[in-house]
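Colleague: Following this message is one structure expressed as structure tokens.
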Amino acid sequence: MKSAVIVFPAANCDRDAKVALEQMTGQSPRMVWHQDSELPDVDLVVLPGGFSYGDYLRCGAMASQSAVMKAVKAHADKGGMVLGICNGFQVLTESGLLPGALMRNAGLKFVCKPVALSVEETQNAFARHYEKGQEITVPVAHGEGNYYADDATLDRLEGEGRVVFRYRDNPNGSARDIAGILNDKRNVLGMMPHPERVVDPITGGTDGRALFQSLIETLS
Amino acid sequence: MGTPFPGPVRKDMKARVFVTLKNGVLDPQGKAIGHALNGLGFSSVGEVRQGKVIDLELNETDAGKAKAELKAMCDKLLANTVIEKYEIELK
């Protein structure tokens with residue numbers, strides 16, 4: 001599986017994503033600068049966590065307008081896989097690749113801790129190595145992870161099996177406990193928790209491994 | 001008499017854009033401000049909603065064009081219309 005990680009200024013989890021991809025795939029991802037207007041030939045594009053452009057205006061708003069996002073959209077339109085983690089999820093909603101928006105946490109505090117998630121859907125490229133209903137523990141680290149969409153959109157996401165992860169104990173006020181969603185073509189996943197931080201037991205867990213294994217199996 | 005100065009007449013316009021959360025979208029910051037004001041003894045304060053003000057200078061003389069351009073700016077970047085609404089004021 002060939003992958004690329006987009007490097008936005010101040011998105012500080014790009015190297016975490018790189019290390020996780022190296023460990024899981026045995027290959028180094030291509031690191032692509034946000035001003036590049038072309039992507040290398042890859043199967044998976046990762047939009048990493050962090051605070052791109054200092055979260056100016058709104059989280060992910062500036063990054064969604066960067067040159068590389070046109071190429072990421074084209075990659076997604078062709079059916080290429082895109083994984084947006086944390087700030088990457090915010091960039092995906094701001095750029096219209098995923099519906100809804102991520103708002104300030106209901107409790108107003110930045111939340112940084114491991115959280116229990118329930119895997120809701122496994123019939124997709126990102127979660128096939130999990131079991132439906134499985135509880136996994138993945139860390140969150142965000143101040144604006146409160147997923148919002150209108151009721152019609154939420155009903156559609158649930159009806160179409162596009163809510164992949166839900167919080168067991170909602171840390172941020174997200175509508176219907178949503179932690180991660182797919183686009184309608186199921187090749188774009190955005191999630192607030194950080195699976196790339198739990199691929200090695202040395203960092204506190206391995207529950208993120210199955211997500212990368214799912215992608216590797218799908219794409220090889 | 002000399003001919004008038006041939007360069008373009010430059011008249012900068014100023015605009016103010018108000019970006020606020022749509023009705024019905026929960027505003028935890030507004031809520032916290034309301035609680036704080038109540039705590040300070042301002043007991044008349046009910047619901048509080050907060051938003052942003054963005055001031056822009058435009059090199060434009062045509063108010064119609066400026067408004068259309070500002071609307072495009074709001075839709076494209078300044079507001080996230082999933083959760084926010086905006087108002088434009090030209091000065």
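In the structure tokens, each chain is lettered A, B, ... as it comes, each chain's residues begin at 1, and ligands are numbered from 1 in order of appearance.
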Using only C-alpha atoms, determine which residues lie at most 12 Å from Pro171 (chain A), disregarding the query and same-chain residues fewer than 3 positions distant; provide the list as an NGL selection string.
Modeller: :A and (104-117 or 139-147 or 166-168 or 174-179 or 192-193)
Colleague: For those residues, write N, CA and C atoms to a file as a compact mmCIF listing (two decimals), in the first residue's frame.
Modeller:
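Here's the written file selection-v6.txt:
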```txt
# COMPACT_ATOMS: atom_id res chain seq x y z
N ARG A 104 -16.80 23.76 18.74
CA ARG A 104 -16.16 23.81 20.06
C ARG A 104 -16.78 22.73 20.96
N ASN A 105 -15.93 22.03 21.70
CA ASN A 105 -16.42 21.02 22.63
C ASN A 105 -17.49 21.60 23.55
N ALA A 106 -18.52 20.82 23.81
CA ALA A 106 -19.63 21.32 24.62
C ALA A 106 -19.15 21.80 25.99
N GLY A 107 -18.14 21.13 26.56
CA GLY A 107 -17.61 21.52 27.87
C GLY A 107 -16.57 22.61 27.80
N LEU A 108 -16.30 23.13 26.60
CA LEU A 108 -15.35 24.21 26.33
C LEU A 108 -13.89 23.87 26.59
N LYS A 109 -13.63 22.70 27.15
CA LYS A 109 -12.24 22.36 27.48
C LYS A 109 -11.62 21.50 26.39
N PHE A 110 -10.31 21.65 26.23
CA PHE A 110 -9.54 20.75 25.38
C PHE A 110 -9.53 19.40 26.08
N VAL A 111 -9.88 18.34 25.36
CA VAL A 111 -9.94 17.02 25.97
C VAL A 111 -8.82 16.16 25.39
N CYS A 112 -7.95 15.65 26.28
CA CYS A 112 -6.81 14.85 25.84
C CYS A 112 -6.75 13.62 26.72
N LYS A 113 -7.28 12.50 26.22
CA LYS A 113 -7.30 11.27 27.02
C LYS A 113 -7.70 10.10 26.14
N PRO A 114 -7.39 8.88 26.58
CA PRO A 114 -7.89 7.73 25.83
C PRO A 114 -9.40 7.62 26.04
N VAL A 115 -10.14 7.32 24.98
CA VAL A 115 -11.59 7.15 25.11
C VAL A 115 -12.01 5.81 24.52
N ALA A 116 -13.12 5.30 25.05
CA ALA A 116 -13.67 4.05 24.53
C ALA A 116 -14.57 4.37 23.34
N LEU A 117 -14.35 3.63 22.25
CA LEU A 117 -15.18 3.79 21.06
C LEU A 117 -15.87 2.47 20.78
N PRO A 139 -6.94 7.35 21.77
CA PRO A 139 -6.89 8.67 22.40
C PRO A 139 -7.54 9.77 21.55
N VAL A 140 -8.13 10.74 22.24
CA VAL A 140 -8.56 11.98 21.58
C VAL A 140 -7.70 13.11 22.14
N ALA A 141 -7.57 14.17 21.36
CA ALA A 141 -6.83 15.35 21.80
C ALA A 141 -7.34 16.52 20.97
N HIS A 142 -8.41 17.14 21.43
CA HIS A 142 -8.99 18.23 20.64
C HIS A 142 -9.83 19.17 21.50
N GLY A 143 -9.95 20.38 21.01
CA GLY A 143 -10.84 21.37 21.64
C GLY A 143 -12.11 21.56 20.83
N GLU A 144 -12.05 21.11 19.56
CA GLU A 144 -13.20 21.30 18.68
C GLU A 144 -13.52 20.02 17.93
N GLY A 145 -14.15 19.12 18.67
CA GLY A 145 -14.47 17.81 18.09
C GLY A 145 -15.94 17.48 18.18
N ASN A 146 -16.71 18.51 18.45
CA ASN A 146 -18.14 18.39 18.69
C ASN A 146 -18.86 18.33 17.35
N TYR A 147 -19.13 17.10 16.88
CA TYR A 147 -19.68 16.93 15.53
C TYR A 147 -21.11 17.46 15.47
N ARG A 166 -18.40 5.38 17.28
CA ARG A 166 -19.15 6.21 18.22
C ARG A 166 -18.45 6.20 19.56
N TYR A 167 -18.56 7.31 20.29
CA TYR A 167 -18.03 7.36 21.65
C TYR A 167 -18.94 6.56 22.57
N ARG A 168 -18.33 5.82 23.48
CA ARG A 168 -19.13 5.15 24.51
C ARG A 168 -19.53 6.16 25.59
N SER A 174 -20.64 15.67 20.79
CA SER A 174 -20.95 15.30 19.41
C SER A 174 -22.37 14.77 19.25
N ALA A 175 -23.00 15.19 18.16
CA ALA A 175 -24.34 14.70 17.87
C ALA A 175 -24.30 13.18 17.76
N ARG A 176 -25.23 12.55 18.42
CA ARG A 176 -25.41 11.08 18.39
C ARG A 176 -24.11 10.32 18.68
N ASP A 177 -23.26 10.94 19.48
CA ASP A 177 -22.00 10.31 19.94
C ASP A 177 -21.05 9.97 18.80
N ILE A 178 -21.16 10.71 17.70
CA ILE A 178 -20.38 10.38 16.50
C ILE A 178 -18.90 10.74 16.68
N ALA A 179 -18.05 9.74 16.40
CA ALA A 179 -16.59 9.96 16.48
C ALA A 179 -15.93 9.87 15.13
N MET A 192 -12.24 11.93 14.87
CA MET A 192 -11.53 12.77 15.83
C MET A 192 -10.48 11.98 16.63
N PRO A 193 -10.73 10.75 17.05
CA PRO A 193 -9.69 10.00 17.78
C PRO A 193 -8.50 9.68 16.88
```
Colleague: Out of region 35-114 of chain A, which residues get alpha helix (DSSP H) from DSSP, as a list in words?
Modeller: Ala67, Val68, Met69, Lys70, Ala71, Val72, Lys73, Ala74, His75, Ala76, Asp77, Asn87, Gly88, Phe89, Gln90, Val91, Leu92, Thr93 and Glu94 of chain A
Colleague: Emit the selected residues as a PDB file, in the first residue's frame, including C-alpha atoms.
Modeller:
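Output contents, as saved in again_9.pdb:
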```
ATOM      1  CA  ALA A  67      -3.376  24.023  -3.198  1.00  0.00           C
ATOM      2  CA  VAL A  68      -2.932  20.396  -2.245  1.00  0.00           C
ATOM      3  CA  MET A  69      -6.605  20.005  -1.302  1.00  0.00           C
ATOM      4  CA  LYS A  70      -7.653  20.274  -4.942  1.00  0.00           C
ATOM      5  CA  ALA A  71      -5.458  17.245  -5.627  1.00  0.00           C
ATOM      6  CA  VAL A  72      -6.855  15.444  -2.571  1.00  0.00           C
ATOM      7  CA  LYS A  73     -10.404  16.068  -3.838  1.00  0.00           C
ATOM      8  CA  ALA A  74      -9.453  14.729  -7.268  1.00  0.00           C
ATOM      9  CA  HIS A  75      -7.907  11.653  -5.591  1.00  0.00           C
ATOM     10  CA  ALA A  76     -11.131  11.083  -3.625  1.00  0.00           C
ATOM     11  CA  ASP A  77     -13.290  11.631  -6.733  1.00  0.00           C
ATOM     12  CA  ASN A  87      -7.602  18.283  12.414  1.00  0.00           C
ATOM     13  CA  GLY A  88      -7.680  16.212   9.223  1.00  0.00           C
ATOM     14  CA  PHE A  89     -11.372  15.461   9.913  1.00  0.00           C
ATOM     15  CA  GLN A  90     -11.959  19.194  10.372  1.00  0.00           C
ATOM     16  CA  VAL A  91     -10.234  19.867   7.024  1.00  0.00           C
ATOM     17  CA  LEU A  92     -12.468  17.257   5.356  1.00  0.00           C
ATOM     18  CA  THR A  93     -15.688  18.851   6.617  1.00  0.00           C
ATOM     19  CA  GLU A  94     -14.449  22.367   5.784  1.00  0.00           C
TER      20      GLU A  94
END
```
Colleague: Choose the residue, out of B:Lys65, B:Asp12, B:Leu26, B:Gly34, that has the smallest atom-to-atom separation from chain A; count only C-alpha atoms.
Modeller: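 Checking each candidate against chain A, we get B:Leu26 as the closest.
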Colleague: Go through chain B residue by residue and, counting only C-alpha atoms, keep those with an atom at most 9 Å from chain A; for each kept residue give the shortest atom pair and its distance in Å to one decimal, ordered by chain and increasing number, as a Markdown table.
Modeller:
```
| residue | atom | partner | partner_atom | distance |
| --- | --- | --- | --- | --- |
| B:Val25 | CA | A:Tyr148 | CA | 8.4 |
| B:Leu26 | CA | A:Ala106 | CA | 8.3 |
| B:Asp27 | CA | A:Ala106 | CA | 8.2 |
| B:Pro28 | CA | A:Ala106 | CA | 5.6 |
| B:Gln29 | CA | A:Leu108 | CA | 7.0 |
| B:Ala32 | CA | A:Leu108 | CA | 8.4 |
| B:Lys76 | CA | A:Gln65 | CA | 8.9 |
| B:Leu77 | CA | A:Ala61 | CA | 6.9 |
| B:Leu78 | CA | A:Leu57 | CA | 7.4 |
| B:Ala79 | CA | A:Arg58 | CA | 8.7 |
| B:Asn80 | CA | A:Glu94 | CA | 7.4 |
| B:Val82 | CA | A:Gly100 | CA | 6.4 |
| B:Ile83 | CA | A:Ala101 | CA | 7.1 |
```
Colleague: Which residues are near Asp43 (chain A)? Cut-off 6 Å, only C-alpha atoms, ignore same chain within fewer than 4 positions. Put them as a list in words.
Modeller: Lys2, Ser3 and Gly80 of chain A
Colleague: Filtering to C-alpha atoms, could you give me those residues as an mmCIF file, in the first residue's frame?
Modeller:
```cif
data_model
loop_
_atom_site.group_PDB
_atom_site.id
_atom_site.type_symbol
_atom_site.label_atom_id
_atom_site.label_comp_id
_atom_site.auth_asym_id
_atom_site.auth_seq_id
_atom_site.Cartn_x
_atom_site.Cartn_y
_atom_site.Cartn_z
ATOM 1 C CA LYS A 2 1.451 3.335 -1.087
ATOM 2 C CA SER A 3 0.544 6.285 1.065
ATOM 3 C CA GLY A 80 -8.745 6.925 -3.805
#
```
Colleague: May I have the residues within 10 Å of region 42-57 of chain B as a VMD selection string, using only C-alpha atoms and disregarding those fewer than 3 positions away in the same chain?
Modeller: (chain A and resid 57) or (chain B and resid 12 to 23 26 to 39 60 70 78 to 79 84 to 91)
Colleague: Once DSSP has gone over the backbone, tell me which residues of region 18-78 of chain B are in strand (DSSP E), as a list of chain:residue names.
Modeller: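 Here is the list: B:Phe18, B:Val19, B:Thr20, B:Leu21, B:Gly51, B:Lys52, B:Val53, B:Ile54, B:Asp55, B:Leu56, B:Glu57, B:Leu58.
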Colleague: Go ahead and compute the interatomic distance for CA of Glu217 (chain A) and CA of Pro201 (chain A), in Å to one decimal.
Modeller: 21.8 Å
